[in-house]
Amino acid sequence: MADNVESVLSKIRPHTSSSLAHQKAPATLLRAIEATFREQNTEPSATAYFAALLTTLDGALQSSRASGPAMGEGDVIPAVLYLLAAVAPYVPHPVIRSNLTTILSLTSPLFPTLTPHAPPLRSQITLYGAVLQALDRSHLDTQGLRQAFMTILQLTLDPRPKVRKRAAEVVKEVLSAPPLPLAKHPYADKVAEWVKAALAEISSGGLPKFKGKKADTEGSEAAIHLLAFLRPVLPTLPAESLSSVTSSLLLLPRLGNPYLSQSAYSILSDLLTLSLDDPTVDLQSHMSELLKVILSSPPIKSDAALNAAWATVLGNTMLAYHHANPDECASQLTKVWKALWSLLESSDAATRKAAAQALSTLCHCFTPTTIKAAVKERESEDPKSPIRKIIVQTTGALDSLAYARAIPEVLSVISSLIESLRFRNGSRKNTTAAEQLLLPLIKKIADLRVQKTFEHKEAADATLGTAMRILGPEVMLRALPLNLETVDRQAGREPRAFLLPLLAQPHPSPLGHFVSYFVPLTERMFDLQTTAESEGRQSEAKVWSVLVEQIWMGLPGYCWGTVDLKQSLTPQFSQLLSQLLYNQPDLRAPVLRALKIMVDSNVALASGDADKIAKLPETVRADAISEEEAQANLAFLRTQAESWLAVLFNVFGSVGRDNQGMVGDVISAWIAIADPKEVTQAYHKLVALFKQHLGKVQNAPAPAPNKPSDSMTVVTQDLLLLILPHLSSEDATALLNLYLTTEVLESKDNGVQKRGYKTLARLVESGKVQIDAAAVFKTLEGLVDGLAAAAKKDRFHLLTAVVQRIPPESLHLIPSIIPEAVLGTKEPSEKARNAAFDLIVAMGKKMDAGGVVKRNMVEGMDEEGAGEATANIEEYMTMIAGGLAGATPHMISATVTAISRLVFEFRDSISSQMQSEIFTTLLVFLGSANREIVKSVLGFIKLAIHTLPPDLLRPHLKDLVPALLRWSHDHKNHFKAKVRHIFERMIRRFGWEDVYACAQEEEARKVLVNIKKRKDRAKRKRANAPEDDDDVLKAKPVVGDAFEDVLYGSESELDDSDDEDAPAQNTANKRKGKDAGARLRVDDDEPMDLLSGAASRVTTTNAGKRKKPGQDAARFKMDEDTGKMVIDEESDEDADAGGAADNVAGDAYRESLTSVDGFTRGPNGKIKFNKDTKKRRRDAEADEDVEMAEGEAGQKPGKKSKKKAEPKFGQEFKAKKAGGDVKKYGMDPYAYMPLSQAAKKQNRGARIGIAGKR
């Protein structure tokens, strides 16, 4: 808590030299209070600050009793209130309760005086927010406290935005945190009464007068402020008061203020949503009246914003009504649907979207009774039931010109209809109501989808996808055949290949349908593909290949808890799947996904665990098989596990490293359901295979260091890692002993080493093996000589796991691994460094947990220091600090880095004395001549200034500042920038005066003055900069490891870099195009019928932007005699001058990538220069020759050409030695240039050959 107070106050202290009185006064007062603390030897804490400020406030009020309290910007009382508001949230609650009477007596009478002064008034409100949240139930009735709260409540309507916002926040925070054990705050009733009274006054037309800067606040503005306050506070009000609040809100739209009406409807929507989530909110008795009032006051059609809000509240009302009383809600369905449906004719896109969402909400209000009634009369031509009327109306809308612009919204409503009619009337074997009622409508959408003039194909695909998900492919393909085979084409049937991508989603169709329908279809398609390939029709063969792949992509959709798994997963089908895994890499992914889904879905359904079932897709949960059926499926899969594991192991070994992860996931799923005997049997086979190939690795030459290992030894290790979680304790122990040998951990193959250490770490973490930490450390110490750099990360992970298993009486083992861990913090690999830091922290936590360090058993310990020491973090820090006496600068630097991490991690556990000793010790190394050591020490100082208490560091400033200033002019290793960033942090933490006073030489003081000027200049620049637009891209804060952020991140590094001018940010272009509306497409060859099929004859695109046939040809002249187009090459020269400047940047960029002098940047930002190859030199010389040869032809001697000559068409086909043309890039020299490319004016200045090459 003290740290939080310190972080707040540290932002106030530096303002003592501010030119603004309201900033300088609190900082000066804070300095004075802290000076008093130092004189009285008082420990600074939130309580001490709070008591001192209350005393100061009492004295200030006493001295100003005669003239009245002064509230100017530089006066004492506003400064005291500001500091009280900053400190109060961190004061312990018992302290506030014991001083409540004093607080009220001093601050409560100030409310009338503070009202005209907004800044101190906000401080007062914040103070009371902290006080009210600290009180228990008995204190809330204290004299004067309720009056103060009601005053704050009145300020929520204040005309000043900041005051109003702060008051509203405090009221919400207080009501949201009632004193235990109450569920609602005692003041909630008062707030509800005040809200009702204010709403009633606004509805009656009264103007709430308010004392303040704007006394004549209009009623509409007060109402807007009230609604803005009410929205967040609504969930905290008593449930019994919400019905009357609802009634008052319904009166606001009658005032005729559009914004008020929209806000009222929006709050009503929130309130109705709250009634669904919170059972204590009871609005059932008012639902009928609420619906009647909303329906009786529809907004005018032209008011787009209000129409959208009205539609939303109407939909939410019906949904809440359905939850309260489904039967009564169903009786109002037709009336509400009719009111909302008319909004789809609106020209406003937002209104149509809101209406569609509300209609979709209504679809969730169907009851089983209404669905059954609709099914009974599905053959009737005169529908009576509400659902049948809705379906007829929706079907007609697809052909109506009135709803032409709303086709996407109508399709989304149809999707909701399909979802809501999933009802099966009992058994899963029954057909759905959607199949019985909506198949004709779905067919109509599919027919629209295949029409070339229909523009809303994506919306139609979404609707058909919903139908596929609810009905399943078995039903859909019965009604909508794919028509993909040659016979269908010859019969003139329209193909429906767009249905194939929809198969992959979960659906209720059984797996048997895929086996009986799609497997034979894919076999016929594969034969057609083979025939096309043999006859040289590659394009046709590719089409059949894509269709086969799309079909198999749909296999996973059939495997979600399918009911006929035992009947469908026959040996023949299993053999087909395994052959696909072996021989068809393109189809491997969907087959693997299907095998995994097959297991995971049945495991979740058989478990009966609600959490596992909730992770399944919603379609699977809605049509789920029973728990008994899932268990039967699981038992059947268990019998197939052995054979499938053998197949998957083989596939795992045959695929590349990039694809092994997917196969490994499937193996993990199947191994989890396999019988333990089968797991043991598989383990022994893998171990035997591993031993067999391990000997070959030892005799084979060492592979290249950077080449990934794909040997069989590594594959068996990966498989052992996959089955490791399911091994028995005996097998796990045997695997530990097998891997803890020199053959594995000192193998020539880096991959074997890495996986050896990774497996050992997993075994230790699993807890299945009992280990002797001393023996393991001794073994690992003997294997360090053959350690590969690539295995260090996994070795650190293993050491971390073993450290956590060290008994408290054996902590003398820790010093033996400290040197390796400390040196690991300087590893080139970032992952290895992070693992080393984790190991250092893990050892620190182990020591901090307590135990005994037997010093006589520590290797190399003198007899004088022998004995037992109590384990704690300071003892561990002493062990680590031994590295500061290392023989190499590398060791000393690594030790400083390790100490920095430990100081950051255990800053609350290390005593102030130890922190001071560490800082003093490392400060000495700042004078070292070795840059590696100084670099680490600068990092520690940066961290210490951020982390350690200011009072602990303040005595060391006189030594620290001169030592840092010695490096302030050193540019090497970025020392100058690092030192400047450290000084900026010091100035923020300790104040400018304290830091500047420690600078001794005049030259050194100039450095600090320069830093201050830079900060002031940057602050002025930010203050004068115009506010950014919403579409300006803002830099995101760095998110990562907290230690890394402190050590390497800095606000100054983001704000004030060495470059004074920050790079300009690109602003995103605003989209100015709005809904252009719908147009009728005119087709000269076909008469238009406006009474049917309007959906396919409407376009929403701009007709002028559509590319027409022959549009490129129209740009050229036509020879009247021959009818040929004339391409004038001379006209291209005019475009050269304008295009030259634009091409400079592109040519320079291209040259930087391809030329000899160019370079590229790697993923880490490192520059890699291009190699000086013959090809690059030849290309560069060729460019120069072309420019010189063509430039000298038409110029006078002694003058340089200012413009490059245009190369002739076909330049690239010219032979270098012979006189004729040659065939290049597989293209003949007589190939034509693309017409569209020649037509573009902007490309005429570029160097284009006859084949379109640049």
# chains A, B, ... in the order shown; residues from 1 in each chain; ligands from 1

call {"tool": "residues_around", "arguments": {"residues": "A:Thr466", "least_positions_apart": "6", "cutoff": "10 Å", "atoms": "only C-alpha atoms", "output": "list in words"}}
result
Ser412, Ile414, Ser415, Ser416, Leu417, Ile418, Glu419, Ala460, Gly472, Leu502, Gln505 and His507 of chain A

call {"tool": "write_last_selection", "arguments": {"atoms": "C-alpha atoms", "output": "compact mmCIF listing (two decimals), in the first residue's frame"}}
result
# COMPACT_ATOMS: atom_id res chain seq x y z
CA SER A 412 -30.13 -12.78 -41.83
CA ILE A 414 -34.17 -16.26 -42.44
CA SER A 415 -31.00 -17.57 -40.74
CA SER A 416 -32.54 -16.81 -37.35
CA LEU A 417 -35.78 -18.52 -38.43
CA ILE A 418 -33.84 -21.66 -39.35
CA GLU A 419 -32.03 -21.67 -35.99
CA ALA A 460 -26.89 -16.17 -49.13
CA GLY A 472 -27.37 -31.37 -42.00
CA LEU A 502 -20.35 -25.46 -45.84
CA GLN A 505 -19.16 -27.03 -39.73
CA HIS A 507 -24.14 -30.69 -38.06

call {"tool": "closest_atom_pairs", "arguments": {"of": "stretch 758-785 of chain A", "to": "stretch 807-821 of chain A", "cutoff": "9 Å", "atoms": "only C-alpha atoms", "output": "tab-separated table"}}
result
residue	atom	partner	partner_atom	distance
A:Ala773	CA	A:Leu813	CA	8.2
A:Ala774	CA	A:Leu813	CA	6.7
A:Phe777	CA	A:Leu813	CA	8.0
A:Glu781	CA	A:Ile817	CA	8.5

call {"tool": "residues_around", "arguments": {"residues": "stretch 831-846 of chain A", "least_positions_apart": "4", "cutoff": "6 Å", "atoms": "only C-alpha atoms", "output": "PDB file with N, CA, C and O atoms, in the first residue's frame"}}
result
ATOM      1  N   LYS A 793      18.620 -24.187 -22.995  1.00  0.00           N
ATOM      2  CA  LYS A 793      17.305 -23.755 -22.498  1.00  0.00           C
ATOM      3  C   LYS A 793      16.614 -24.899 -21.770  1.00  0.00           C
ATOM      4  O   LYS A 793      16.112 -24.735 -20.646  1.00  0.00           O
ATOM      5  N   PHE A 796      18.198 -25.704 -18.420  1.00  0.00           N
ATOM      6  CA  PHE A 796      17.766 -24.790 -17.359  1.00  0.00           C
ATOM      7  C   PHE A 796      16.368 -25.143 -16.861  1.00  0.00           C
ATOM      8  O   PHE A 796      16.085 -25.045 -15.667  1.00  0.00           O
ATOM      9  N   THR A 800      15.461 -26.121 -13.053  1.00  0.00           N
ATOM     10  CA  THR A 800      14.383 -25.435 -12.327  1.00  0.00           C
ATOM     11  C   THR A 800      13.425 -26.443 -11.706  1.00  0.00           C
ATOM     12  O   THR A 800      12.998 -26.294 -10.552  1.00  0.00           O
ATOM     13  N   ALA A 821      23.756 -20.984 -13.651  1.00  0.00           N
ATOM     14  CA  ALA A 821      22.547 -20.179 -13.851  1.00  0.00           C
ATOM     15  C   ALA A 821      22.890 -18.721 -14.108  1.00  0.00           C
ATOM     16  O   ALA A 821      22.279 -18.067 -14.969  1.00  0.00           O
ATOM     17  N   GLY A 824      24.191 -18.205 -17.471  1.00  0.00           N
ATOM     18  CA  GLY A 824      23.117 -18.398 -18.442  1.00  0.00           C
ATOM     19  C   GLY A 824      22.370 -17.121 -18.772  1.00  0.00           C
ATOM     20  O   GLY A 824      21.735 -17.022 -19.827  1.00  0.00           O
ATOM     21  N   THR A 825      22.427 -16.125 -17.895  1.00  0.00           N
ATOM     22  CA  THR A 825      21.747 -14.857 -18.175  1.00  0.00           C
ATOM     23  C   THR A 825      22.424 -14.061 -19.283  1.00  0.00           C
ATOM     24  O   THR A 825      21.880 -13.047 -19.726  1.00  0.00           O
ATOM     25  N   GLU A 827      23.459 -15.663 -22.148  1.00  0.00           N
ATOM     26  CA  GLU A 827      23.400 -16.505 -23.340  1.00  0.00           C
ATOM     27  C   GLU A 827      22.905 -15.703 -24.545  1.00  0.00           C
ATOM     28  O   GLU A 827      22.068 -14.800 -24.389  1.00  0.00           O
TER      29      GLU A 827
END

call {"tool": "residues_around", "arguments": {"residues": "A:Ile391", "least_positions_apart": "6", "cutoff": "12 Å", "atoms": "only C-alpha atoms", "output": "MDAnalysis selection string"}}
result
chainID A and resid 334 337 363 371 374:375 378 383:385 397:398 410 413:418 421 434 436:442

call {"tool": "write_last_selection", "arguments": {"atoms": "C-alpha atoms", "output": "PDB file, in the first residue's frame"}}
result
ATOM      1  CA  THR A 334     -47.739 -11.240 -35.074  1.00  0.00           C
ATOM      2  CA  TRP A 337     -43.390  -8.708 -36.125  1.00  0.00           C
ATOM      3  CA  CYS A 363     -37.429 -15.656 -33.611  1.00  0.00           C
ATOM      4  CA  ILE A 371     -44.150 -24.364 -33.728  1.00  0.00           C
ATOM      5  CA  ALA A 374     -47.282 -24.140 -37.756  1.00  0.00           C
ATOM      6  CA  VAL A 375     -46.205 -27.706 -38.605  1.00  0.00           C
ATOM      7  CA  ARG A 378     -47.769 -26.512 -43.349  1.00  0.00           C
ATOM      8  CA  PRO A 383     -51.954 -19.762 -42.889  1.00  0.00           C
ATOM      9  CA  LYS A 384     -53.386 -18.950 -39.463  1.00  0.00           C
ATOM     10  CA  SER A 385     -50.465 -19.564 -37.129  1.00  0.00           C
ATOM     11  CA  ALA A 397     -39.939 -10.268 -49.561  1.00  0.00           C
ATOM     12  CA  LEU A 398     -37.267 -11.963 -51.713  1.00  0.00           C
ATOM     13  CA  VAL A 410     -33.974 -10.501 -44.933  1.00  0.00           C
ATOM     14  CA  VAL A 413     -33.710 -12.999 -40.517  1.00  0.00           C
ATOM     15  CA  ILE A 414     -34.169 -16.259 -42.435  1.00  0.00           C
ATOM     16  CA  SER A 415     -31.003 -17.573 -40.743  1.00  0.00           C
ATOM     17  CA  SER A 416     -32.540 -16.807 -37.353  1.00  0.00           C
ATOM     18  CA  LEU A 417     -35.777 -18.519 -38.431  1.00  0.00           C
ATOM     19  CA  ILE A 418     -33.842 -21.665 -39.346  1.00  0.00           C
ATOM     20  CA  LEU A 421     -37.049 -23.959 -35.812  1.00  0.00           C
ATOM     21  CA  ALA A 434     -37.136 -26.163 -40.096  1.00  0.00           C
ATOM     22  CA  GLN A 436     -40.803 -29.296 -42.639  1.00  0.00           C
ATOM     23  CA  LEU A 437     -41.469 -25.565 -42.930  1.00  0.00           C
ATOM     24  CA  LEU A 438     -38.476 -23.875 -44.538  1.00  0.00           C
ATOM     25  CA  LEU A 439     -37.135 -26.212 -47.242  1.00  0.00           C
ATOM     26  CA  PRO A 440     -38.981 -24.357 -50.063  1.00  0.00           C
ATOM     27  CA  LEU A 441     -37.548 -21.063 -48.821  1.00  0.00           C
ATOM     28  CA  ILE A 442     -34.035 -22.566 -48.630  1.00  0.00           C
TER      29      ILE A 442
END

call {"tool": "atom_distance", "arguments": {"atom1": "atom CA of A:Val961", "atom2": "atom CA of A:Glu43"}}
result
26.0 Å
